[in-house]
Number of protein chains: 2
Amino acid sequence: MTTRRRPGLGTNQELARRHNLGTVLRHVHGAGQISRAELTGLMGLNRSTIAALVNELEALGITERVPPVEGTPRQGAGRPSAGVRVADRGPFVIAVDLGVDRAVVASIGLGGRVLQRSEAPVRSDGEAWQVGAAVAGLIRCVVEEVPDAAQLVGIGISVPGLVRSSDGLIRLAPNLEWHDVSFGGIVLAALGLDVPVSIANDADLGALAEHVRGVAVGVDDLIYVSGNVGVGAGVITAGVRLEGAGGYAGEVGHLRFNPAGRECHCGNRGCWETEVGAHAIAEAIHCPLDKVAQLDEVLAGFGEPSPALRATGTALGHGLASIVNVFNPRQVVLGGYFRSLYALVGPEVEAGLADRALPAPLESVTLTLPGLGSDSSLMGAAEIALEPLFVDPVAALGTALVGVGARLAG
Amino acid sequence: MTTRRRPGLGTNQELARRHNLGTVLRHVHGAGQISRAELTGLMGLNRSTIAALVNELEALGITERVPPVEGTPRQGAGRPSAGVRVADRGPFVIAVDLGVDRAVVASIGLGGRVLQRSEAPVRSDGEAWQVGAAVAGLIRCVVEEVPDAAQLVGIGISVPGLVRSSDGLIRLAPNLEWHDVSFGGIVLAALGLDVPVSIANDADLGALAEHVRGVAVGVDDLIYVSGNVGVGAGVITAGVRLEGAGGYAGEVGHLRFNPAGRECHCGNRGCWETEVGAHAIAEAIHCPLDKVAQLDEVLAGFGEPSPALRATGTALGHGLASIVNVFNPRQVVLGGYFRSLYALVGPEVEAGLADRALPAPLESVTLTLPGLGSDSSLMGAAEIALEPLFVDPVAALGTALVGVGARLAG
DNA sequence: GTCCTCCGTCCTCTCGTACAACAAATTCTG
DNA sequence: CAGAATTTGTTGTACGAGAGGACGGAGGAC
């Protein structure tokens, strides 16, 4: 991820300092461990400047120094550079992935280190406050063994639905049957805490996670297409998340696909989702309706793809072609049950894409599976919760909470 | 437009200075004239800092000071603030809008001031070097009366086609029947000059121009949908142009629209372009084929819309719905012949959009006509040519040419 | 074993912005 | 109409951050 300047604002030297400190931390976070020499090269700053920044992070208790011996195997002459590593007992966040049938919660430190993890099934017809209470229980679980000195920076929540970016309100989550739910407030109330909460769409977070530490590291234009009962996409362009005016960008599931097709729950006819959505696929493979939420596992158990499944693969490819034409990504990551589907009918998907995409955007795009498996959205939730730390480490630690384990236990 | 930090780079203090100097100039450029007090407020810097920056721009001959008397009518007490204005005889650029049947060329100064303007018809089956020669002739025309002291910063060219962002190569321009044409080099060779040339897609530049000085000033998420024989879109998100990996993003003309529809020249069937493209509309209104390039004028002469035209309006709205769902813009600007079409069947377009878009993205979007009329792409071409000036004024002036009028005449 | 290369630390230098003080210009107020 | 209040331009100073050089240290290359 890249930060973006506010339009038209000037650069204060205090601002520059904050940016540099945050960027160093971002690099350490991205690599897990990195040498000072690498930081110097990456950031284009002087050795002495990098030293000052690293020392400050160390004084803040965020990073720790590593003797050069443990570093990467030497290459070339010269004195080996000391490493910078994420500190044990450093700041951490809580990531929540609200799925269609289960919730996964984890405490995650910088560098993407999962400290503890817990999950539980969630009733799809549950009220928001019930789900919130369940999530709060899981959160209590995953902070139990976190060291008391560690600071909780915030909570990140991944939701399968439309989330307003300005305030994190869940405008619509079809699978949960939620409308205008302020889930962040619900969880905080259930916990009795007050920490920053960030909420975003699951596909957006999948894209973010794959960009930071998944299969798309270094790729600045990518799309994460998520099959998750509904179909959505997270878009990263020039290294930045595409949000749109309200935060709803990437709703590719309701691209017009076949005006003569089936009715969609959105009220239209022939949305792409009616062809490659979970219900369509379940119907195509004669999967019982109560198994729709576990479509990924069902598909994974398949041996030979049926003709109907092949047709679905082609439809997936055709829809991806529209997406590739419109966004011109360098990589398309297929998440959710599209992973199993792609494993079954990959050739059909590729062929459908190649058949319908324009030559110019097609020539530079690759189709891949997520590098984080089914944890993309969870890791993405951790990323948005960590984000303030990279914008201004000092300020973020200022609002962070200490001793959360004890506070939630008592 | 907003600049964006390179991912992971550090902020040098020299860099900060350049950014601040460029940002001041960007504000002056955007407003035409602005007071130092306003700059102080906008950029969040100290009075003395702004004074230093303004003085430097003045020393560079880019801006000039305006006595406070001529400024805007006073409001409130206090000493009136001196104004900063774009200098006469300041730097300028050459903007080229390569249309389907004509080329428009203008010399344009900061603040969007058109110095001279010239245009000529272009044969649609012309070879690239022929068109290049014609454009070069127009360029000689528009620099004739430019003061000798004025510096030419660069040339910006708007092209109806796919342009590779890395080097400005025109990959494909269907209407001109060009493949992989390096038009920038051709024009420079015909001129015998060596200045920076920027080339981009016409819809992208339309979006840019409308964002900077058109109907979308202050709107950071907008889409300019251009009907121009082919159909394309320029997207601006969070104030930044959406380019994609190769620069081809925004090819909405080949979104799948009706798989049972007509064949498209791209090889597929039922692209959106086959329903709302110039040829489809011409057919619907029984317009002779040789008039397709002037479809805008033909439509403008229409009185009452025919049922076929109404259907086209609905199709336009339906397609826009997909675009709105995917990008979640705050404003959609209809350019090219969509202007006349919208004037005729606006209600159908609006209804089609409202019918098919998701409620959340729909509620914040507005449909408008361009504020710059048919000059959007031309002004956008000027913008990309001016861009280096806002990134680093000193460096951009360093590579600029002086006395271009005499040089091209002799 | 010696030289070379590269890195961390320390110190000083430079440069850009912030800040404070003063003068100037205009509006507000009595 | 005159003085107060307000806001701005200008100037000089202070602070802070990064650059650059000098030095010593650690390892590889020959």
# chains A, B, ... in the order shown; residues from 1 in each chain; ligands from 1
$ residues_around --residues "B:Ser376" --least-positions-apart "2" --cutoff "8 Å" --atoms "only C-alpha atoms (C1' of nucleotides)" --output "NGL selection string"
:B and (205-207 or 209-210 or 214 or 370-374 or 378-380)
$ write_last_selection --atoms "all heavy atoms" --output "PDB file, in the first residue's frame"
ATOM      1  N   LEU B 205      -8.321  12.044 -20.910  1.00  0.00           N
ATOM      2  CA  LEU B 205      -8.003  13.470 -20.850  1.00  0.00           C
ATOM      3  C   LEU B 205      -9.258  14.300 -20.637  1.00  0.00           C
ATOM      4  O   LEU B 205      -9.202  15.353 -19.986  1.00  0.00           O
ATOM      5  CB  LEU B 205      -7.283  13.888 -22.131  1.00  0.00           C
ATOM      6  CG  LEU B 205      -5.916  13.244 -22.286  1.00  0.00           C
ATOM      7  CD1 LEU B 205      -5.239  13.707 -23.563  1.00  0.00           C
ATOM      8  CD2 LEU B 205      -5.042  13.550 -21.087  1.00  0.00           C
ATOM      9  N   GLY B 206     -10.370  13.832 -21.170  1.00  0.00           N
ATOM     10  CA  GLY B 206     -11.622  14.526 -20.904  1.00  0.00           C
ATOM     11  C   GLY B 206     -11.926  14.529 -19.418  1.00  0.00           C
ATOM     12  O   GLY B 206     -12.301  15.560 -18.841  1.00  0.00           O
ATOM     13  N   ALA B 207     -11.740  13.389 -18.801  1.00  0.00           N
ATOM     14  CA  ALA B 207     -11.969  13.300 -17.361  1.00  0.00           C
ATOM     15  C   ALA B 207     -11.047  14.257 -16.623  1.00  0.00           C
ATOM     16  O   ALA B 207     -11.465  14.988 -15.722  1.00  0.00           O
ATOM     17  CB  ALA B 207     -11.745  11.866 -16.891  1.00  0.00           C
ATOM     18  N   ALA B 209      -9.568  17.000 -17.666  1.00  0.00           N
ATOM     19  CA  ALA B 209      -9.895  18.406 -17.886  1.00  0.00           C
ATOM     20  C   ALA B 209     -11.148  18.809 -17.111  1.00  0.00           C
ATOM     21  O   ALA B 209     -11.195  19.876 -16.491  1.00  0.00           O
ATOM     22  CB  ALA B 209     -10.081  18.668 -19.377  1.00  0.00           C
ATOM     23  N   GLU B 210     -12.148  17.952 -17.132  1.00  0.00           N
ATOM     24  CA  GLU B 210     -13.367  18.279 -16.401  1.00  0.00           C
ATOM     25  C   GLU B 210     -13.095  18.331 -14.900  1.00  0.00           C
ATOM     26  O   GLU B 210     -13.764  19.040 -14.172  1.00  0.00           O
ATOM     27  CB  GLU B 210     -14.460  17.255 -16.706  1.00  0.00           C
ATOM     28  CG  GLU B 210     -14.963  17.291 -18.146  1.00  0.00           C
ATOM     29  CD  GLU B 210     -15.646  18.613 -18.486  1.00  0.00           C
ATOM     30  OE1 GLU B 210     -16.247  19.207 -17.583  1.00  0.00           O
ATOM     31  OE2 GLU B 210     -15.551  19.049 -19.646  1.00  0.00           O
ATOM     32  N   GLY B 214     -13.417  21.919 -15.308  1.00  0.00           N
ATOM     33  CA  GLY B 214     -14.706  21.723 -15.942  1.00  0.00           C
ATOM     34  C   GLY B 214     -15.815  21.643 -14.919  1.00  0.00           C
ATOM     35  O   GLY B 214     -15.823  22.364 -13.916  1.00  0.00           O
ATOM     36  N   PRO B 370     -20.439  17.888 -19.983  1.00  0.00           N
ATOM     37  CA  PRO B 370     -19.124  18.472 -19.733  1.00  0.00           C
ATOM     38  C   PRO B 370     -19.206  19.992 -19.626  1.00  0.00           C
ATOM     39  O   PRO B 370     -20.019  20.639 -20.293  1.00  0.00           O
ATOM     40  CB  PRO B 370     -18.295  18.050 -20.944  1.00  0.00           C
ATOM     41  CG  PRO B 370     -19.179  17.323 -21.856  1.00  0.00           C
ATOM     42  CD  PRO B 370     -20.514  17.162 -21.245  1.00  0.00           C
ATOM     43  N   GLY B 371     -18.392  20.560 -18.766  1.00  0.00           N
ATOM     44  CA  GLY B 371     -18.354  22.003 -18.627  1.00  0.00           C
ATOM     45  C   GLY B 371     -17.518  22.670 -19.690  1.00  0.00           C
ATOM     46  O   GLY B 371     -17.583  23.879 -19.867  1.00  0.00           O
ATOM     47  N   LEU B 372     -16.735  21.889 -20.386  1.00  0.00           N
ATOM     48  CA  LEU B 372     -15.847  22.454 -21.404  1.00  0.00           C
ATOM     49  C   LEU B 372     -16.342  22.159 -22.811  1.00  0.00           C
ATOM     50  O   LEU B 372     -15.610  22.350 -23.782  1.00  0.00           O
ATOM     51  CB  LEU B 372     -14.429  21.902 -21.217  1.00  0.00           C
ATOM     52  CG  LEU B 372     -13.813  22.177 -19.856  1.00  0.00           C
ATOM     53  CD1 LEU B 372     -12.524  21.402 -19.672  1.00  0.00           C
ATOM     54  CD2 LEU B 372     -13.549  23.669 -19.691  1.00  0.00           C
ATOM     55  N   GLY B 373     -17.576  21.665 -22.920  1.00  0.00           N
ATOM     56  CA  GLY B 373     -18.129  21.390 -24.233  1.00  0.00           C
ATOM     57  C   GLY B 373     -17.331  20.326 -24.961  1.00  0.00           C
ATOM     58  O   GLY B 373     -17.025  19.279 -24.397  1.00  0.00           O
ATOM     59  N   SER B 374     -16.976  20.606 -26.195  1.00  0.00           N
ATOM     60  CA  SER B 374     -16.239  19.616 -26.984  1.00  0.00           C
ATOM     61  C   SER B 374     -14.731  19.804 -26.816  1.00  0.00           C
ATOM     62  O   SER B 374     -13.951  19.135 -27.486  1.00  0.00           O
ATOM     63  CB  SER B 374     -16.624  19.742 -28.454  1.00  0.00           C
ATOM     64  OG  SER B 374     -16.404  21.060 -28.902  1.00  0.00           O
ATOM     65  N   LEU B 378      -9.103  18.385 -25.499  1.00  0.00           N
ATOM     66  CA  LEU B 378      -8.047  19.346 -25.839  1.00  0.00           C
ATOM     67  C   LEU B 378      -7.449  19.953 -24.573  1.00  0.00           C
ATOM     68  O   LEU B 378      -6.221  20.012 -24.408  1.00  0.00           O
ATOM     69  CB  LEU B 378      -8.618  20.448 -26.728  1.00  0.00           C
ATOM     70  CG  LEU B 378      -7.623  21.503 -27.203  1.00  0.00           C
ATOM     71  CD1 LEU B 378      -6.668  20.921 -28.230  1.00  0.00           C
ATOM     72  CD2 LEU B 378      -8.340  22.720 -27.780  1.00  0.00           C
ATOM     73  N   MET B 379      -8.320  20.375 -23.677  1.00  0.00           N
ATOM     74  CA  MET B 379      -7.810  20.959 -22.435  1.00  0.00           C
ATOM     75  C   MET B 379      -7.093  19.902 -21.593  1.00  0.00           C
ATOM     76  O   MET B 379      -6.114  20.207 -20.908  1.00  0.00           O
ATOM     77  CB  MET B 379      -8.958  21.555 -21.633  1.00  0.00           C
ATOM     78  CG  MET B 379      -9.686  22.695 -22.315  1.00  0.00           C
ATOM     79  SD  MET B 379      -8.613  24.034 -22.850  1.00  0.00           S
ATOM     80  CE  MET B 379      -8.155  24.728 -21.274  1.00  0.00           C
ATOM     81  N   GLY B 380      -7.560  18.678 -21.667  1.00  0.00           N
ATOM     82  CA  GLY B 380      -6.879  17.601 -20.950  1.00  0.00           C
ATOM     83  C   GLY B 380      -5.485  17.360 -21.507  1.00  0.00           C
ATOM     84  O   GLY B 380      -4.535  17.084 -20.764  1.00  0.00           O
TER      85      GLY B 380
END
$ interface_residues --of "chain C" --to "chain B" --cutoff "6 Å" --atoms "only C-alpha atoms (C1' of nucleotides)" --output "ChimeraX atom specification"
/C:25-27
$ select_by_dssp --residues "stretch 137-265 of chain B" --states "strand (DSSP E or B)" --output "short mmCIF file (atom, residue, chain, number, x, y, z; two decimals) with C-alpha atoms, in the first residue's frame"
data_model
loop_
_atom_site.label_atom_id
_atom_site.label_comp_id
_atom_site.auth_asym_id
_atom_site.auth_seq_id
_atom_site.Cartn_x
_atom_site.Cartn_y
_atom_site.Cartn_z
CA GLN B 151 8.91 28.83 -22.94
CA LEU B 152 7.38 25.74 -24.49
CA VAL B 153 7.11 23.13 -21.76
CA GLY B 154 5.83 20.27 -23.86
CA ILE B 155 3.25 18.87 -26.21
CA GLY B 156 0.18 16.95 -25.10
CA ILE B 157 -1.76 14.81 -27.53
CA SER B 158 -5.22 13.35 -27.15
CA VAL B 159 -5.86 10.21 -29.19
CA LEU B 162 -5.42 2.66 -26.55
CA VAL B 163 -2.20 4.35 -25.51
CA ILE B 170 -0.54 4.16 -29.67
CA ARG B 171 -1.35 0.48 -29.52
CA LEU B 172 -4.62 0.66 -31.35
CA ALA B 173 -6.74 3.47 -32.75
CA TRP B 178 -3.49 2.62 -36.56
CA HIS B 179 -1.57 -0.15 -34.86
CA ASP B 180 1.49 0.50 -32.72
CA VAL B 181 2.17 3.98 -33.94
CA VAL B 197 5.55 14.78 -25.61
CA SER B 198 2.74 13.23 -23.60
CA ILE B 199 0.06 11.15 -25.26
CA ALA B 200 -3.07 9.73 -23.71
CA ASN B 201 -6.54 8.50 -24.45
CA LEU B 222 -15.70 10.93 -11.54
CA ILE B 223 -16.02 9.19 -14.86
CA TYR B 224 -16.00 10.84 -18.24
CA VAL B 225 -17.81 8.61 -20.72
CA SER B 226 -17.03 9.60 -24.23
CA GLY B 227 -19.04 8.72 -27.31
CA ASN B 228 -16.66 9.16 -30.17
CA GLY B 230 -16.04 4.12 -30.25
CA VAL B 231 -17.07 4.35 -26.62
CA GLY B 232 -14.49 4.85 -23.90
CA ALA B 233 -14.24 6.20 -20.41
CA GLY B 234 -11.74 8.12 -18.38
CA VAL B 235 -11.77 7.44 -14.68
CA ILE B 236 -10.54 9.60 -11.86
CA THR B 237 -10.56 8.06 -8.40
CA VAL B 240 -6.01 10.49 -9.47
CA ARG B 241 -6.28 9.16 -13.01
CA ARG B 256 -20.48 -7.37 -22.25
CA GLU B 263 -20.99 -8.53 -33.67
#
$ interface_residues --of "chain A" --to "chain B" --cutoff "6 Å" --atoms "only C-alpha atoms" --output "list in words"
Thr2, Arg4, Pro7, Gly8, Leu9, Gly10, Thr11, Ala16, Asn20, Thr23, Met43, Asp221, Gly244, Ala245, Tyr248, Ala249, Gly250, Glu251, Val252, Leu255, Ser322, Asn325, Val326, Phe327, Asn328, Pro329 and Arg330 of chain A
$ select_by_dssp --residues "stretch 192-344 of chain B" --states "alpha helix (DSSP H)" --output "number ranges by chain"
B: 202-213, 273-276, 278-284, 295-300, 307-327, 338-344
$ atom_distance --atom1 "atom CA of A:Val114" --atom2 "atom CA of A:Ile94"
9.7 Å
$ atom_distance --atom1 "atom CA of B:Ser306" --atom2 "atom CA of B:Cys264"
24.1 Å
$ interface_residues --of "chain D" --to "chain B" --cutoff "9 Å" --atoms "only C-alpha atoms (C1' of nucleotides)" --output "JSON, numbers by chain"
{"D": [5, 6, 7, 8, 9, 10, 17, 18]}
